[in-house]
Amino acid sequence: MQPYQGLFVLDASQGIAGPYCATLLAACGAEVLKVEPPAGDWSRGLSTREGTQSAMHVTFNRGKRSVVLDLQEEKGRAAFRTLAARADVMLEAFRPGVARRIGVVPEAGKADVVFLSISGFGQQGPHSERPCTDSVAQAYSGMVSLNIGMDGVPHRTGNLMTVDMVTGISAFAAVQAALAGQARDRVAGAAPQRRVLDVSLMQSAAALMAFNVAEQGLLGRVPPLANVPSGTYQGSDGRWFMVAMLREPEFATLCGIAGLPELAQDARFTSFAARAEHREALLPMLREAFAKAPAAEWVTRYQAARMLCDLVNTPLDWLADPHVQAVGAAVPLEQPGLGTLPFPKLPGIGAWSVPAPGLGEHTEAVLAELGL
């Protein structure tokens, strides 16, 4: 799976979304050069770290080379222009307007460059210059309102950078579509045109919730909670497990195994809609029942009944799971500065083999290649 061998990608983005898009291109064979300011990509300072490396940074910058250029200075901008003139793909994630001010623009690239801008709210519109993070995008898009916990409180998706990740994947898909369009032009004998792509956290979050947006747009209101009482419950050992239902008859099975068969006959709980309306009466009874046995016992019983149920694992639990180990779902990668880290394989692409670069690790070599 190396379809982009020979493709030169100039990655001037920082954080998660842009770098993740670029590292996916690297995983597919592209040569990716990461341009960093003298202080480095700000993700180098977040999460568990050692020196200029952090778990967050190496995750989203594997397979690249790093060159430090100060784009606030003319010397740095001149070197960037020389690199840009060779780029097949360019990525930037500055606030709208900043990239143009420092020369990170489509015109700096080849005539057929694919130029990708990533921002919080897009390059146009009244919010285009508003600061944005994953948490802000989750709140703004409505995602938090959909993530109602068992406590009845809307939550962001914990420490999982959902919007940043889906924005990186969306950007990767957009770049691939642009490259495919150029390939089609070449087959047709036409000169490929420059493609300028605008990918935002706001739009990516909304695309992830397409069903919810469509449903609420159709109804003109917020629909009741679906699939009640699907959710997480705690066993007597303090361990949590998840049980889910897709069909009405499964409620009787859930109640029977929980030792509460009478609930399936209660008029308040005869349908998903009715259970949503009387959720506050139903959930405490189920919680009390599930607190009488260990979580693993409930999982075994529900899985035996062919219901959707499993333990709530931590990433460490997942890594130690026999199925994960049997299929090689995670592969260790030696990362200079941090040691050996386990990375999940990319679905359909495979395992990583090239670590992330140190800050400016390739600056001298790259500038020498350019004769600078």
# chains A, B, ... in the order shown; residues from 1 in each chain; ligands from 1
call {"tool": "residues_around", "arguments": {"residues": "Gly337 (chain A)", "least_positions_apart": "4", "cutoff": "8 Å", "atoms": "only C-alpha atoms", "output": "number ranges by chain"}}
result
A: 50-51, 53
call {"tool": "write_last_selection", "arguments": {"atoms": "C-alpha atoms", "output": "mmCIF file, in the first residue's frame"}}
result
data_model
loop_
_atom_site.group_PDB
_atom_site.id
_atom_site.type_symbol
_atom_site.label_atom_id
_atom_site.label_comp_id
_atom_site.auth_asym_id
_atom_site.auth_seq_id
_atom_site.Cartn_x
_atom_site.Cartn_y
_atom_site.Cartn_z
ATOM 1 C CA GLU A 50 10.840 13.631 26.819
ATOM 2 C CA GLY A 51 12.904 16.505 25.440
ATOM 3 C CA GLN A 53 9.262 14.565 21.676
#
call {"tool": "select_by_dssp", "arguments": {"residues": "region 50-248 of chain A", "states": "strand (DSSP E or B)", "output": "MDAnalysis selection string"}}
result
chainID A and resid 50 53:54 64:68 89:92 114:119 148 154 195:200 231:234 240:244
call {"tool": "write_last_selection", "arguments": {"atoms": "N, CA, C and O atoms", "output": "compact mmCIF listing (two decimals), in the first residue's frame"}}
result
# COMPACT_ATOMS: atom_id res chain seq x y z
N GLU A 50 9.44 13.70 26.45
CA GLU A 50 10.84 13.63 26.82
C GLU A 50 11.60 14.51 25.84
O GLU A 50 11.60 14.25 24.64
N GLN A 53 10.23 15.55 22.17
CA GLN A 53 9.26 14.57 21.68
C GLN A 53 8.15 14.36 22.70
O GLN A 53 8.37 14.43 23.91
N SER A 54 6.94 14.12 22.19
CA SER A 54 5.81 13.79 23.06
C SER A 54 5.01 12.69 22.39
O SER A 54 5.08 12.49 21.17
N LYS A 64 7.81 11.21 8.71
CA LYS A 64 8.17 12.50 8.08
C LYS A 64 9.63 12.85 8.34
O LYS A 64 10.30 12.24 9.17
N ARG A 65 10.10 13.87 7.61
CA ARG A 65 11.35 14.54 7.95
C ARG A 65 11.00 15.90 8.50
O ARG A 65 9.95 16.46 8.18
N SER A 66 11.84 16.46 9.36
CA SER A 66 11.58 17.75 9.99
C SER A 66 12.65 18.76 9.63
O SER A 66 13.85 18.48 9.73
N VAL A 67 12.20 19.93 9.20
CA VAL A 67 13.11 21.04 8.94
C VAL A 67 12.58 22.27 9.68
O VAL A 67 11.38 22.55 9.67
N VAL A 68 13.46 22.97 10.35
CA VAL A 68 13.09 24.18 11.09
C VAL A 68 13.34 25.39 10.20
O VAL A 68 14.47 25.60 9.74
N VAL A 89 1.86 18.49 -2.92
CA VAL A 89 0.80 18.77 -1.96
C VAL A 89 1.38 19.67 -0.89
O VAL A 89 2.50 19.46 -0.41
N MET A 90 0.61 20.70 -0.50
CA MET A 90 1.00 21.59 0.59
C MET A 90 -0.13 21.65 1.61
O MET A 90 -1.31 21.71 1.23
N LEU A 91 0.23 21.64 2.89
CA LEU A 91 -0.74 21.72 3.97
C LEU A 91 -0.40 22.87 4.90
O LEU A 91 0.78 23.08 5.23
N GLU A 92 -1.41 23.61 5.31
CA GLU A 92 -1.22 24.65 6.31
C GLU A 92 -2.43 24.69 7.24
O GLU A 92 -3.53 24.31 6.85
N VAL A 114 -1.74 20.59 -5.03
CA VAL A 114 -2.94 20.44 -4.21
C VAL A 114 -2.64 21.15 -2.90
O VAL A 114 -1.76 20.73 -2.14
N PHE A 115 -3.37 22.23 -2.64
CA PHE A 115 -3.10 23.09 -1.48
C PHE A 115 -4.25 22.95 -0.50
O PHE A 115 -5.40 23.26 -0.82
N LEU A 116 -3.94 22.49 0.70
CA LEU A 116 -4.97 22.23 1.72
C LEU A 116 -4.81 23.18 2.90
O LEU A 116 -3.74 23.28 3.49
N SER A 117 -5.90 23.88 3.22
CA SER A 117 -5.94 24.72 4.42
C SER A 117 -6.88 24.09 5.43
O SER A 117 -8.01 23.70 5.09
N ILE A 118 -6.41 23.97 6.66
CA ILE A 118 -7.23 23.46 7.75
C ILE A 118 -7.39 24.56 8.80
O ILE A 118 -6.41 25.20 9.19
N SER A 119 -8.62 24.78 9.22
CA SER A 119 -8.89 25.81 10.22
C SER A 119 -10.10 25.41 11.05
O SER A 119 -10.73 24.38 10.79
N ILE A 148 -25.00 12.38 25.73
CA ILE A 148 -25.58 12.45 27.07
C ILE A 148 -25.13 11.24 27.87
O ILE A 148 -25.35 10.09 27.46
N PRO A 154 -24.64 16.42 29.28
CA PRO A 154 -23.93 16.35 27.99
C PRO A 154 -22.42 16.48 28.19
O PRO A 154 -21.97 17.35 28.93
N ARG A 195 -5.49 22.61 -7.22
CA ARG A 195 -6.67 22.40 -6.37
C ARG A 195 -6.43 23.08 -5.02
O ARG A 195 -5.40 22.84 -4.39
N VAL A 196 -7.35 23.91 -4.59
CA VAL A 196 -7.27 24.57 -3.29
C VAL A 196 -8.41 24.05 -2.42
O VAL A 196 -9.58 24.22 -2.77
N LEU A 197 -8.05 23.39 -1.33
CA LEU A 197 -9.02 22.72 -0.48
C LEU A 197 -9.17 23.43 0.86
O LEU A 197 -8.18 23.84 1.47
N ASP A 198 -10.41 23.57 1.31
CA ASP A 198 -10.74 24.25 2.56
C ASP A 198 -11.44 23.24 3.46
O ASP A 198 -12.58 22.87 3.22
N VAL A 199 -10.73 22.76 4.49
CA VAL A 199 -11.29 21.77 5.42
C VAL A 199 -11.29 22.37 6.82
O VAL A 199 -10.27 22.88 7.28
N SER A 200 -12.43 22.33 7.48
CA SER A 200 -12.54 22.93 8.81
C SER A 200 -12.98 21.92 9.86
O SER A 200 -13.64 20.92 9.54
N GLY A 231 -26.47 1.44 27.45
CA GLY A 231 -25.50 2.31 28.10
C GLY A 231 -24.52 1.53 28.94
O GLY A 231 -24.39 0.31 28.82
N THR A 232 -23.81 2.24 29.81
CA THR A 232 -22.80 1.63 30.67
C THR A 232 -23.34 1.43 32.08
O THR A 232 -24.05 2.29 32.61
N TYR A 233 -22.98 0.28 32.66
CA TYR A 233 -23.41 -0.05 34.02
C TYR A 233 -22.21 -0.61 34.78
O TYR A 233 -21.27 -1.15 34.18
N GLN A 234 -22.29 -0.51 36.10
CA GLN A 234 -21.18 -0.92 36.94
C GLN A 234 -21.53 -2.20 37.68
O GLN A 234 -22.61 -2.32 38.29
N TRP A 240 -16.87 -1.51 34.82
CA TRP A 240 -17.99 -1.07 33.99
C TRP A 240 -18.14 -1.97 32.78
O TRP A 240 -17.16 -2.54 32.30
N PHE A 241 -19.38 -2.09 32.29
CA PHE A 241 -19.62 -2.82 31.05
C PHE A 241 -20.69 -2.08 30.25
O PHE A 241 -21.44 -1.26 30.78
N MET A 242 -20.70 -2.34 28.96
CA MET A 242 -21.65 -1.70 28.04
C MET A 242 -22.62 -2.75 27.52
O MET A 242 -22.21 -3.84 27.13
N VAL A 243 -23.90 -2.40 27.53
CA VAL A 243 -24.91 -3.25 26.92
C VAL A 243 -25.75 -2.39 25.98
O VAL A 243 -26.05 -1.23 26.29
N ALA A 244 -26.05 -2.92 24.81
CA ALA A 244 -26.78 -2.14 23.80
C ALA A 244 -27.91 -2.97 23.21
O ALA A 244 -27.82 -4.20 23.12
call {"tool": "closest_residue", "arguments": {"among": "A:Leu346, A:Gln303, A:Val113, A:Leu263", "to": "Leu286 (chain A)", "atoms": "only C-alpha atoms"}}
result
A:Leu263
call {"tool": "closest_residue", "arguments": {"among": "A:Ser141, A:Gln2, A:Thr82, A:Ser204", "to": "Leu25 (chain A)", "atoms": "only C-alpha atoms"}}
result
A:Gln2
call {"tool": "residues_around", "arguments": {"residues": "region 208-219 of chain A", "least_positions_apart": "2", "cutoff": "12 Å", "atoms": "only C-alpha atoms", "output": "PyMOL selection string"}}
result
chain A and resi 137-138+141-147+162-167+169-170+201-206+221-226
call {"tool": "select_by_dssp", "arguments": {"residues": "region 117-151 of chain A", "states": "alpha helix (DSSP H)", "output": "mmCIF file with N, CA and C atoms, in the first residue's frame"}}
result
data_model
loop_
_atom_site.group_PDB
_atom_site.id
_atom_site.type_symbol
_atom_site.label_atom_id
_atom_site.label_comp_id
_atom_site.auth_asym_id
_atom_site.auth_seq_id
_atom_site.Cartn_x
_atom_site.Cartn_y
_atom_site.Cartn_z
ATOM 1 N N ASP A 134 -10.616 21.239 19.486
ATOM 2 C CA ASP A 134 -11.485 20.072 19.406
ATOM 3 C C ASP A 134 -12.699 20.241 20.324
ATOM 4 N N SER A 135 -12.468 20.683 21.561
ATOM 5 C CA SER A 135 -13.565 20.847 22.513
ATOM 6 C C SER A 135 -14.573 21.887 22.029
ATOM 7 N N VAL A 136 -14.064 23.013 21.528
ATOM 8 C CA VAL A 136 -14.951 24.066 21.030
ATOM 9 C C VAL A 136 -15.768 23.552 19.855
ATOM 10 N N ALA A 137 -15.124 22.816 18.941
ATOM 11 C CA ALA A 137 -15.830 22.289 17.775
ATOM 12 C C ALA A 137 -16.899 21.282 18.188
ATOM 13 N N GLN A 138 -16.615 20.471 19.204
ATOM 14 C CA GLN A 138 -17.610 19.524 19.681
ATOM 15 C C GLN A 138 -18.835 20.260 20.234
ATOM 16 N N ALA A 139 -18.588 21.326 20.980
ATOM 17 C CA ALA A 139 -19.706 22.090 21.539
ATOM 18 C C ALA A 139 -20.478 22.824 20.448
ATOM 19 N N TYR A 140 -19.763 23.526 19.575
ATOM 20 C CA TYR A 140 -20.394 24.343 18.541
ATOM 21 C C TYR A 140 -21.229 23.509 17.577
ATOM 22 N N SER A 141 -20.725 22.347 17.224
ATOM 23 C CA SER A 141 -21.384 21.525 16.210
ATOM 24 C C SER A 141 -22.633 20.812 16.718
ATOM 25 N N MET A 143 -22.244 18.208 18.855
ATOM 26 C CA MET A 143 -21.808 16.873 19.230
ATOM 27 C C MET A 143 -21.965 16.629 20.725
ATOM 28 N N VAL A 144 -21.631 17.634 21.533
ATOM 29 C CA VAL A 144 -21.737 17.473 22.982
ATOM 30 C C VAL A 144 -23.183 17.214 23.394
ATOM 31 N N SER A 145 -24.127 17.868 22.731
ATOM 32 C CA SER A 145 -25.544 17.682 23.078
ATOM 33 C C SER A 145 -26.016 16.264 22.806
ATOM 34 N N LEU A 146 -25.337 15.564 21.909
ATOM 35 C CA LEU A 146 -25.712 14.183 21.578
ATOM 36 C C LEU A 146 -25.073 13.167 22.511
#
call {"tool": "closest_residue", "arguments": {"among": "A:Thr23, A:Pro38, A:Ala183, A:Asp11", "to": "Thr59 (chain A)", "atoms": "only C-alpha atoms"}}
result
A:Thr23
call {"tool": "atom_distance", "arguments": {"atom1": "CA of Thr253 (chain A)", "atom2": "CA of His278 (chain A)"}}
result
19.0 Å
call {"tool": "closest_residue", "arguments": {"among": "A:Gln335, A:Gln72, A:Ser353, A:Asn61", "to": "Leu33 (chain A)", "atoms": "only C-alpha atoms"}}
result
A:Asn61
call {"tool": "decode", "arguments": {"residues": "region 228-277 of chain A", "atoms": "C-alpha atoms", "output": "JSON list (two decimals), in the first residue's frame"}}
result
[["chain", "number", "residue", "atom", "x", "y", "z"],
["A", 228, "VAL", "CA", -32.97, 3.35, 26.23],
["A", 229, "PRO", "CA", -31.69, 1.68, 28.44],
["A", 230, "SER", "CA", -28.57, 0.99, 26.34],
["A", 231, "GLY", "CA", -25.50, 2.31, 28.10],
["A", 232, "THR", "CA", -22.80, 1.63, 30.67],
["A", 233, "TYR", "CA", -23.41, -0.05, 34.02],
["A", 234, "GLN", "CA", -21.18, -0.92, 36.94],
["A", 235, "GLY", "CA", -20.81, -4.43, 38.32],
["A", 236, "SER", "CA", -20.26, -5.40, 41.96],
["A", 237, "ASP", "CA", -16.48, -5.36, 41.39],
["A", 238, "GLY", "CA", -16.49, -1.72, 40.30],
["A", 239, "ARG", "CA", -15.78, -2.64, 36.67],
["A", 240, "TRP", "CA", -17.99, -1.07, 33.99],
["A", 241, "PHE", "CA", -19.62, -2.82, 31.05],
["A", 242, "MET", "CA", -21.65, -1.70, 28.04],
["A", 243, "VAL", "CA", -24.91, -3.25, 26.92],
["A", 244, "ALA", "CA", -26.78, -2.14, 23.80],
["A", 245, "MET", "CA", -30.12, -2.93, 22.17],
["A", 246, "LEU", "CA", -31.24, -2.58, 18.57],
["A", 247, "ARG", "CA", -34.62, -4.34, 18.65],
["A", 248, "GLU", "CA", -37.60, -4.12, 20.99],
["A", 249, "PRO", "CA", -37.64, -7.85, 21.98],
["A", 250, "GLU", "CA", -34.13, -7.46, 23.41],
["A", 251, "PHE", "CA", -35.52, -5.49, 26.36],
["A", 252, "ALA", "CA", -37.25, -8.59, 27.71],
["A", 253, "THR", "CA", -33.96, -10.51, 27.41],
["A", 254, "LEU", "CA", -32.06, -7.74, 29.18],
["A", 255, "CYS", "CA", -34.60, -7.66, 32.04],
["A", 256, "GLY", "CA", -34.75, -11.43, 32.38],
["A", 257, "ILE", "CA", -30.99, -11.82, 32.72],
["A", 258, "ALA", "CA", -30.89, -8.90, 35.16],
["A", 259, "GLY", "CA", -33.44, -10.72, 37.35],
["A", 260, "LEU", "CA", -36.16, -8.14, 36.65],
["A", 261, "PRO", "CA", -38.51, -9.91, 34.19],
["A", 262, "GLU", "CA", -41.48, -7.90, 35.45],
["A", 263, "LEU", "CA", -40.06, -4.69, 33.94],
["A", 264, "ALA", "CA", -40.70, -6.01, 30.43],
["A", 265, "GLN", "CA", -44.44, -6.07, 31.25],
["A", 266, "ASP", "CA", -44.52, -2.62, 32.85],
["A", 267, "ALA", "CA", -46.60, -0.22, 30.73],
["A", 268, "ARG", "CA", -43.99, 2.50, 31.26],
["A", 269, "PHE", "CA", -41.31, 0.44, 29.51],
["A", 270, "THR", "CA", -43.04, -1.30, 26.59],
["A", 271, "SER", "CA", -41.21, 0.60, 23.82],
["A", 272, "PHE", "CA", -38.04, 2.56, 23.19],
["A", 273, "ALA", "CA", -40.10, 5.76, 23.19],
["A", 274, "ALA", "CA", -41.84, 4.89, 26.46],
["A", 275, "ARG", "CA", -38.55, 3.94, 28.11],
["A", 276, "ALA", "CA", -37.01, 7.22, 27.02],
["A", 277, "GLU", "CA", -39.92, 9.08, 28.64]]
